[in-house]
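Engineer: Have a peek at query-v4.txt (compact mmCIF, C-alpha atoms).
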# COMPACT_ATOMS: atom_id res chain seq x y z
CA MET A 1309 3.98 -140.70 -47.34
CA LYS A 1310 6.03 -137.53 -47.23
CA LYS A 1311 3.54 -135.85 -44.88
CA ARG A 1312 3.59 -138.87 -42.63
CA ARG A 1313 7.38 -138.71 -42.47
CA ILE A 1314 7.22 -135.03 -41.56
CA PHE A 1315 4.73 -135.75 -38.78
CA GLN A 1316 6.97 -138.53 -37.44
CA ILE A 1317 10.03 -136.29 -37.40
CA SER A 1318 8.02 -133.47 -35.82
CA GLY A 1319 6.75 -135.83 -33.15
CA ILE A 1320 10.25 -137.04 -32.37
CA LEU A 1321 11.55 -133.46 -32.14
CA PHE A 1322 8.66 -132.45 -29.89
CA ALA A 1323 9.27 -135.42 -27.61
CA LEU A 1324 12.97 -134.63 -27.50
CA LEU A 1325 12.36 -130.98 -26.65
CA PHE A 1326 9.85 -132.03 -24.00
CA VAL A 1327 12.39 -134.33 -22.35
CA ILE A 1328 15.09 -131.64 -22.51
CA ASN A 1329 12.71 -129.13 -20.95
CA ILE A 1330 11.85 -131.48 -18.09
CA MET A 1331 15.53 -132.25 -17.48
CA ALA A 1332 16.35 -128.53 -17.50
CA SER A 1333 13.53 -127.86 -15.02
CA PHE A 1334 14.89 -130.39 -12.54
CA TYR A 1335 18.37 -128.96 -13.10
CA PHE A 1336 17.25 -125.41 -12.27
CA TYR A 1337 15.31 -126.64 -9.26
CA ASP A 1338 18.42 -128.35 -7.90
CA LEU A 1339 20.53 -125.35 -8.83
CA ALA A 1340 18.49 -122.67 -7.06
CA ILE A 1341 15.92 -124.23 -4.71
CA ALA A 1342 17.22 -127.57 -3.38
CA ARG A 1343 19.35 -127.36 -0.26
CA ASN A 1344 22.90 -127.94 -1.46
CA VAL A 1345 26.14 -126.12 -2.23
CA LYS A 1346 25.52 -123.24 -4.63
CA ASP A 1347 28.77 -122.98 -6.61
CA PHE A 1348 27.04 -121.15 -9.46
CA LEU A 1349 27.07 -117.91 -7.46
CA GLN A 1350 30.84 -117.86 -7.13
CA ASN A 1351 32.47 -115.15 -9.24
CA ASN A 1352 29.06 -113.75 -10.13
CA GLU A 1353 29.71 -110.18 -11.27
CA ASP A 1354 26.26 -109.07 -10.09
CA LEU A 1355 27.23 -109.91 -6.52
CA GLU A 1356 30.51 -108.00 -6.58
CA VAL A 1357 30.65 -105.19 -4.03
CA SER A 1358 33.15 -102.46 -3.25
CA ASP A 1359 36.25 -103.24 -1.22
CA GLU A 1360 34.81 -101.10 1.56
CA ALA A 1361 31.61 -103.09 1.72
CA MET A 1362 33.37 -106.45 1.43
CA GLU A 1363 35.62 -105.63 4.37
CA VAL A 1364 32.61 -104.75 6.51
CA PHE A 1365 30.62 -107.82 5.42
CA LEU A 1366 33.48 -110.24 6.10
CA GLN A 1367 35.52 -108.64 8.87
CA GLY A 1368 33.37 -105.91 10.40
CA ASP A 1369 33.28 -105.39 14.15
CA TRP A 1370 29.64 -106.45 14.11
CA ARG A 1371 30.74 -110.09 13.74
CA ASP A 1372 32.59 -109.97 17.06
CA TRP A 1373 29.58 -108.20 18.53
CA VAL A 1374 27.32 -111.08 17.50
CA LYS A 1375 29.67 -113.67 18.99
CA ASN A 1376 29.77 -111.84 22.32
CA GLN A 1377 26.00 -111.50 22.82
CA PRO A 1378 24.04 -113.85 25.11
CA PHE A 1379 21.52 -114.99 22.49
CA GLU A 1380 18.86 -117.39 23.72
CA ARG A 1381 18.28 -120.32 21.38
CA TRP A 1382 14.64 -120.81 20.56
CA GLU A 1383 13.25 -123.86 18.81
CA MET A 1384 9.97 -124.22 17.01
CA THR A 1385 8.20 -126.78 14.83
CA SER A 1386 6.66 -125.33 11.68
CA THR A 1387 3.11 -126.06 10.63
CA ASP A 1388 4.47 -128.62 8.17
CA GLY A 1389 6.72 -130.34 10.70
CA LEU A 1390 10.16 -128.76 10.23
CA ALA A 1391 12.43 -128.08 13.19
CA LEU A 1392 13.32 -124.37 13.07
CA GLN A 1393 16.01 -122.52 14.98
CA GLY A 1394 15.72 -118.95 16.25
CA TYR A 1395 17.87 -116.64 18.35
CA PHE A 1396 16.59 -114.04 20.81
CA LEU A 1397 18.58 -111.27 22.47
CA ARG A 1398 16.91 -109.40 25.32
CA ALA A 1399 17.36 -105.64 25.42
CA LYS A 1400 19.78 -104.25 27.99
CA GLN A 1401 17.07 -102.17 29.59
CA PRO A 1402 13.32 -102.87 29.88
CA SER A 1403 11.78 -102.28 26.48
CA ASN A 1404 8.57 -102.93 24.60
CA LYS A 1405 10.29 -102.72 21.18
CA VAL A 1406 11.34 -105.81 19.20
CA VAL A 1407 12.96 -106.13 15.80
CA VAL A 1408 12.43 -109.43 13.98
CA MET A 1409 15.07 -109.92 11.29
CA ALA A 1410 15.23 -112.15 8.20
CA HIS A 1411 18.46 -112.99 6.40
CA GLY A 1412 19.23 -113.42 2.71
CA TYR A 1413 19.72 -116.33 0.32
CA LEU A 1414 22.32 -118.87 1.55
CA GLY A 1415 22.84 -116.81 4.70
CA ARG A 1416 22.04 -117.49 8.31
CA ALA A 1417 20.53 -115.71 11.28
CA SER A 1418 23.81 -114.28 12.56
CA ASP A 1419 24.29 -112.32 9.32
CA MET A 1420 21.61 -109.89 10.47
CA GLY A 1421 23.88 -108.73 13.27
CA LEU A 1422 25.13 -106.11 10.81
CA TYR A 1423 21.71 -104.46 11.15
CA GLY A 1424 20.71 -105.80 14.55
CA GLU A 1425 23.59 -104.17 16.42
CA HIS A 1426 22.14 -100.72 15.67
CA TYR A 1427 18.65 -101.70 16.81
CA TYR A 1428 20.05 -103.23 19.99
CA GLU A 1429 22.85 -100.87 21.01
CA ASP A 1430 21.52 -97.54 19.73
CA LEU A 1431 17.74 -97.93 19.75
CA GLY A 1432 17.25 -100.25 22.73
CA TYR A 1433 15.31 -103.00 20.94
CA HIS A 1434 15.02 -106.66 21.76
CA LEU A 1435 16.44 -108.60 18.82
CA PHE A 1436 15.13 -111.80 17.24
CA THR A 1437 16.41 -113.55 14.15
CA ALA A 1438 16.08 -117.06 12.78
CA ASP A 1439 17.69 -119.48 10.36
CA ALA A 1440 15.25 -119.71 7.44
CA ARG A 1441 14.08 -123.18 6.44
CA GLY A 1442 16.78 -124.82 4.36
CA HIS A 1443 19.48 -122.66 6.01
CA GLY A 1444 21.74 -122.79 9.05
CA GLU A 1445 20.46 -125.04 11.83
CA SER A 1446 16.85 -125.05 10.64
CA GLY A 1447 15.41 -128.09 8.91
CA GLY A 1448 14.18 -128.39 5.35
CA ASP A 1449 15.63 -129.75 2.13
CA TYR A 1450 14.61 -126.77 0.01
CA ILE A 1451 14.83 -122.97 0.05
CA GLY A 1452 11.45 -121.27 0.37
CA PHE A 1453 12.39 -117.78 -0.84
CA GLY A 1454 10.04 -116.41 1.79
CA TRP A 1455 6.84 -118.16 0.81
CA HIS A 1456 6.55 -120.89 3.43
CA ASP A 1457 8.85 -118.82 5.63
CA ARG A 1458 6.14 -116.16 5.93
CA LEU A 1459 4.06 -118.61 7.96
CA ASP A 1460 7.12 -119.53 10.01
CA TYR A 1461 7.53 -115.85 10.85
CA VAL A 1462 3.90 -115.57 11.88
CA GLN A 1463 4.61 -118.41 14.33
CA TRP A 1464 7.79 -116.73 15.57
CA ILE A 1465 5.84 -113.49 16.10
CA GLU A 1466 3.23 -115.33 18.14
CA LYS A 1467 5.99 -116.90 20.23
CA ILE A 1468 7.62 -113.52 20.85
CA ILE A 1469 4.31 -112.02 21.98
CA ALA A 1470 3.72 -114.96 24.32
CA GLU A 1471 7.20 -114.43 25.77
CA LEU A 1472 7.19 -110.64 26.13
CA GLY A 1473 3.53 -109.74 26.52
CA ASP A 1474 0.78 -108.08 24.53
CA ASP A 1475 2.06 -104.52 24.89
CA ILE A 1476 5.14 -104.99 22.70
CA GLU A 1477 5.70 -103.30 19.32
CA ILE A 1478 7.34 -105.32 16.55
CA VAL A 1479 9.30 -104.26 13.47
CA LEU A 1480 10.10 -106.78 10.71
CA HIS A 1481 13.39 -106.08 8.90
CA GLY A 1482 14.67 -108.25 6.06
CA LEU A 1483 17.47 -108.23 3.48
CA SER A 1484 17.14 -109.64 -0.06
CA MET A 1485 15.41 -113.02 0.37
CA GLY A 1486 14.70 -111.89 3.91
CA ALA A 1487 13.10 -108.75 2.49
CA GLY A 1488 10.93 -110.98 0.33
CA THR A 1489 10.09 -112.94 3.47
CA VAL A 1490 8.95 -109.96 5.54
CA LEU A 1491 6.95 -108.58 2.61
CA MET A 1492 5.22 -111.91 2.12
CA THR A 1493 4.56 -111.94 5.87
CA SER A 1494 3.05 -108.44 5.65
CA GLY A 1495 0.11 -109.76 3.65
CA GLU A 1496 -0.91 -112.22 6.36
CA ASP A 1497 -3.41 -111.56 9.15
CA LEU A 1498 -0.84 -110.21 11.58
CA PRO A 1499 -1.42 -109.37 15.25
CA PRO A 1500 -1.66 -105.66 16.11
CA GLN A 1501 1.74 -105.78 17.78
CA VAL A 1502 3.39 -105.78 14.33
CA LYS A 1503 3.75 -102.07 13.61
CA ALA A 1504 6.14 -101.74 10.65
CA VAL A 1505 8.15 -103.55 7.96
CA VAL A 1506 11.57 -102.69 6.49
CA ALA A 1507 12.49 -104.38 3.20
CA ASP A 1508 16.04 -103.95 1.88
CA SER A 1509 16.59 -105.10 -1.75
CA PRO A 1510 13.46 -107.25 -2.21
CA TYR A 1511 11.94 -108.93 -5.28
CA THR A 1512 8.36 -109.01 -6.55
CA SER A 1513 8.12 -112.78 -6.90
CA VAL A 1514 10.37 -115.79 -7.22
CA HIS A 1515 9.21 -116.19 -10.82
CA ASP A 1516 10.17 -112.61 -11.70
CA LEU A 1517 13.55 -112.95 -10.01
CA PHE A 1518 14.34 -116.26 -11.72
CA ALA A 1519 13.19 -114.94 -15.10
CA TYR A 1520 15.59 -112.03 -14.74
CA GLN A 1521 18.46 -114.26 -13.61
CA MET A 1522 17.89 -116.86 -16.34
CA LYS A 1523 18.19 -114.17 -18.98
CA ARG A 1524 21.15 -112.46 -17.33
CA MET A 1525 23.16 -115.49 -16.21
CA PHE A 1526 22.19 -118.17 -18.72
CA HIS A 1527 20.90 -116.10 -21.67
CA LEU A 1528 17.70 -118.15 -21.71
CA PRO A 1529 14.08 -117.06 -22.05
CA ALA A 1530 11.74 -117.76 -19.15
CA PHE A 1531 9.39 -119.84 -21.28
CA PRO A 1532 9.09 -122.78 -21.18
CA VAL A 1533 11.77 -123.90 -18.71
CA LEU A 1534 10.83 -121.59 -15.86
CA HIS A 1535 7.18 -122.56 -16.06
CA THR A 1536 7.94 -126.27 -15.77
CA THR A 1537 10.49 -125.50 -13.04
CA GLY A 1538 7.55 -124.01 -11.16
CA VAL A 1539 5.71 -127.32 -11.55
CA VAL A 1540 8.73 -129.21 -10.24
CA SER A 1541 8.97 -126.80 -7.30
CA LYS A 1542 5.27 -127.28 -6.54
CA PHE A 1543 5.77 -131.03 -6.52
CA LYS A 1544 9.01 -131.11 -4.51
CA ALA A 1545 8.70 -128.02 -2.26
CA ASN A 1546 4.94 -127.40 -2.28
CA TYR A 1547 5.07 -123.93 -3.81
CA SER A 1548 5.16 -122.62 -7.35
CA LEU A 1549 7.40 -119.77 -8.45
CA LYS A 1550 4.49 -117.48 -9.33
CA GLU A 1551 2.66 -118.37 -6.12
CA ALA A 1552 5.61 -117.09 -4.07
CA SER A 1553 4.73 -113.44 -4.67
CA ALA A 1554 5.63 -110.54 -2.44
CA LEU A 1555 3.80 -108.31 -4.90
CA ASN A 1556 0.47 -109.98 -4.23
CA GLN A 1557 1.11 -109.91 -0.51
CA VAL A 1558 1.86 -106.18 -0.24
CA LYS A 1559 -1.43 -105.51 -2.02
CA LYS A 1560 -3.01 -106.84 1.19
CA ALA A 1561 -0.62 -105.22 3.66
CA ARG A 1562 -2.02 -103.16 6.52
CA VAL A 1563 1.28 -102.22 8.16
CA PRO A 1564 3.52 -99.40 6.87
CA ILE A 1565 6.49 -100.51 4.77
CA LEU A 1566 9.87 -98.85 4.21
CA TYR A 1567 11.71 -99.94 1.07
CA PHE A 1568 15.47 -99.62 0.56
CA HIS A 1569 17.36 -100.49 -2.64
CA GLY A 1570 20.66 -99.66 -4.30
CA LYS A 1571 20.42 -98.02 -7.72
CA ALA A 1572 23.40 -100.06 -8.96
CA ASP A 1573 21.93 -103.43 -7.96
CA THR A 1574 22.12 -105.82 -10.92
CA PHE A 1575 21.46 -109.00 -8.94
CA VAL A 1576 17.95 -107.98 -7.84
CA PRO A 1577 17.04 -105.06 -10.11
CA THR A 1578 15.83 -101.87 -8.50
CA ASP A 1579 12.73 -101.81 -10.70
CA LEU A 1580 11.31 -104.74 -8.72
CA THR A 1581 11.26 -102.64 -5.56
CA LYS A 1582 9.64 -99.77 -7.44
CA LYS A 1583 6.85 -102.14 -8.51
CA LEU A 1584 6.40 -103.29 -4.92
CA TYR A 1585 6.25 -99.72 -3.66
CA ASP A 1586 3.64 -98.78 -6.25
CA ALA A 1587 1.50 -101.81 -5.38
CA THR A 1588 1.64 -101.50 -1.57
CA ALA A 1589 -1.80 -101.03 -0.05
CA SER A 1590 -0.54 -99.60 3.24
CA GLU A 1591 1.58 -96.49 3.82
CA ALA A 1592 4.85 -96.96 1.95
CA TYR A 1593 8.19 -95.18 1.67
CA LEU A 1594 10.99 -95.71 -0.85
CA HIS A 1595 14.64 -94.69 -0.59
CA LEU A 1596 17.11 -95.51 -3.37
CA PHE A 1597 20.85 -95.19 -2.85
CA ASP A 1598 23.27 -94.05 -5.53
CA ASP A 1599 26.13 -96.34 -6.54
CA ALA A 1600 25.06 -99.12 -4.17
CA SER A 1601 24.89 -102.69 -5.45
CA HIS A 1602 22.99 -105.56 -3.83
CA GLY A 1603 22.71 -105.05 -0.06
CA GLU A 1604 25.53 -102.51 -0.09
CA ALA A 1605 23.64 -99.39 1.02
CA ILE A 1606 24.05 -100.18 4.72
CA VAL A 1607 27.83 -99.69 4.31
CA LEU A 1608 28.23 -97.08 1.59
CA HIS A 1609 25.41 -94.86 2.89
CA GLU A 1610 25.34 -95.86 6.56
CA ALA A 1611 24.41 -92.43 7.94
CA ALA A 1612 21.59 -91.87 5.44
CA TYR A 1613 20.39 -95.46 5.83
CA TYR A 1614 19.98 -95.11 9.58
CA GLU A 1615 18.54 -91.60 9.29
CA HIS A 1616 15.75 -92.81 7.01
CA LEU A 1617 15.26 -95.90 9.15
CA GLU A 1618 14.91 -93.96 12.39
CA GLN A 1619 12.58 -91.37 10.88
CA PHE A 1620 10.34 -94.24 9.79
CA LEU A 1621 10.52 -96.06 13.12
CA ASN A 1622 9.86 -92.89 15.13
CA LYS A 1623 6.65 -92.40 13.17
CA TYR A 1624 5.21 -95.83 13.97
CA ILE A 1625 7.03 -97.15 17.07
CA HIS A 1626 6.45 -95.40 20.40
Take the structure in this file and express it as structure tokens.

Structural biologist:
Amino acid sequence: MKKRRIFQISGILFALLFVINIMASFYFYDLAIARNVKDFLQNNEDLEVSDEAMEVFLQGDWRDWVKNQPFERWEMTSTDGLALQGYFLRAKQPSNKVVVMAHGYLGRASDMGLYGEHYYEDLGYHLFTADARGHGESGGDYIGFGWHDRLDYVQWIEKIIAELGDDIEIVLHGLSMGAGTVLMTSGEDLPPQVKAVVADSPYTSVHDLFAYQMKRMFHLPAFPVLHTTGVVSKFKANYSLKEASALNQVKKARVPILYFHGKADTFVPTDLTKKLYDATASEAYLHLFDDASHGEAIVLHEAAYYEHLEQFLNKYIH
């Protein structure tokens, strides 16, 4: 009788923990992946940047530059039926060089003007950027963290080639989630016009990033909640957290990749980029910046950032 009672209590506790786990999984899906307001990132110490960087991010001259450019609005329907919005800026002078840019989590296409201005004004590139699915004016009720977006970018690349011709040379440049996007794109069967990839502050996989953030922000282990969150994501957004892997994609990459990361980044740890660099099948380069937190290197080490960038581009873009 006593054993039976123990089994009953154990069964009730197991059922209760199972229900709590499922509820937590839906909570974390809504928190991080569903398209909605993300208040949980407000006052996040890992996203704090220097006053110098904050001033540039929020009030830099590049914002006025973006507003004053004659961007063409491009529309496209994704392979799964979403209406996507892109923006194309033709180079001032005839050029065969194009940079395709991908923004970060909760951002929008115009954010990449901070990087795009240099490509356009100083290097003479055509500039293309897009609102990722679930962001800006693009459709989608979830955030893809680069996984489905990689196929969107393959479509955008095909559209750019159709518009500008077969003799163009394309660079993919992404920041944070956008870096994950271009790295995931690098593992696809890309046309020969794609010559190089630049990934600033990327992550190995969505699962690895979430596991790190769950421990750091919520003091929770990855198992079992993160695993069932992956099931929820597969059901609601058609991708699992482990499936969305830049690490697996760079193992298939055939284009050279330049990695940038700040050594003081505690939002997306620098070690993730080191793992990506070590796993990259193609030619790869890694530059780490002292005292730079997440996405901050472009401001705090602007001269060195552009020096490394241009050395890389000059090697593969002609």

Engineer: What's around A:Phe1453 at 8 Å? Count all atoms listed in the file, leave out sequence neighbours fewer than 5 positions away in its own chain, and write the answer as a PyMOL selection string.

Structural biologist: chain A and resi 1413+1485-1486+1488-1489+1514+1552

Engineer: Can I get the selection written as an mmCIF file, keeping the file's coordinate frame, with C-alpha atoms?

Structural biologist:
data_model
loop_
_atom_site.group_PDB
_atom_site.id
_atom_site.type_symbol
_atom_site.label_atom_id
_atom_site.label_comp_id
_atom_site.auth_asym_id
_atom_site.auth_seq_id
_atom_site.Cartn_x
_atom_site.Cartn_y
_atom_site.Cartn_z
ATOM 1 C CA TYR A 1413 19.720 -116.330 0.320
ATOM 2 C CA MET A 1485 15.410 -113.020 0.370
ATOM 3 C CA GLY A 1486 14.700 -111.890 3.910
ATOM 4 C CA GLY A 1488 10.930 -110.980 0.330
ATOM 5 C CA THR A 1489 10.090 -112.940 3.470
ATOM 6 C CA VAL A 1514 10.370 -115.790 -7.220
ATOM 7 C CA ALA A 1552 5.610 -117.090 -4.070
#

Engineer: Which one is closest to A:Arg1343: A:Ala1605, A:Leu1528, A:Ala1545, A:Met1522? Count all atoms listed in the file.

Structural biologist: A:Ala1545

Engineer: Determine the nearest neighbour of A:Met1384 from the options A:Glu1356, A:Asp1372, A:Asp1579, A:Glu1445, counting all atoms listed in the file.

Structural biologist: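 Result for the nearest residue to A:Met1384: A:Glu1445.
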
Engineer: What does the distance from atom CA of A:Glu1618 to atom CA of A:Trp1382 come to in Å, to one decimal?

Structural biologist: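 The value is 28.1 Å.
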
Engineer: I'd like the neighbourhood of A:His1626 as a list in words, where a residue qualifies if any of its atoms comes within 9 Å (using only C-alpha atoms), though same-chain residues fewer than 3 positions away should be ignored.

Structural biologist: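 Listed by chain and then number, they are Asn1404, Lys1405, Glu1477, Leu1621, Asn1622 and Lys1623 of chain A.
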
Engineer: Tell me which of A:Phe1575, A:Tyr1395, A:Tyr1567, A:Tyr1613 sits closest to A:Tyr1593, counting all atoms listed in the file.

Structural biologist: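 Nearest to A:Tyr1593: A:Tyr1567.
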
Engineer: I'd like the neighbourhood of A:Glu1551 as a list in words, where a residue qualifies if any of its atoms comes within 12 Å (using all atoms listed in the file), though same-chain residues fewer than 5 positions away should be ignored.

Structural biologist: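 Returned residues: Gly1452, Phe1453, Gly1454, Trp1455, His1456, Met1492, Thr1512, Ser1513, Val1514, His1515, Asp1516, His1535, Gly1538, Val1539, Ser1541, Lys1542, Asn1546, Asn1556 and Gln1557 of chain A.
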
Engineer: List the neighbours of stretch 1329-1335 of chain A out to 8 Å using all atoms listed in the file; skip same-chain residues closer than 6 positions along the sequence, and give me the result as a PyMOL selection string.

Structural biologist: chain A and resi 1532-1534+1536-1537+1540

Engineer: Atom CA of A:Ser1548 and atom CA of A:Arg1458, how far apart in Å?

Structural biologist: 14.8 Å

Engineer: Neighbours of A:Gly1368 within 12 Å (all atoms listed in the file; same-chain residues fewer than 4 positions away dropped), as a list in words?

Structural biologist: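 The contact residues come out as Glu1360, Ala1361, Met1362, Glu1363, Val1364, Asp1372, Trp1373, Val1374, Asp1419, Gly1421, Leu1422, Tyr1423, Glu1425 and Val1607 of chain A.
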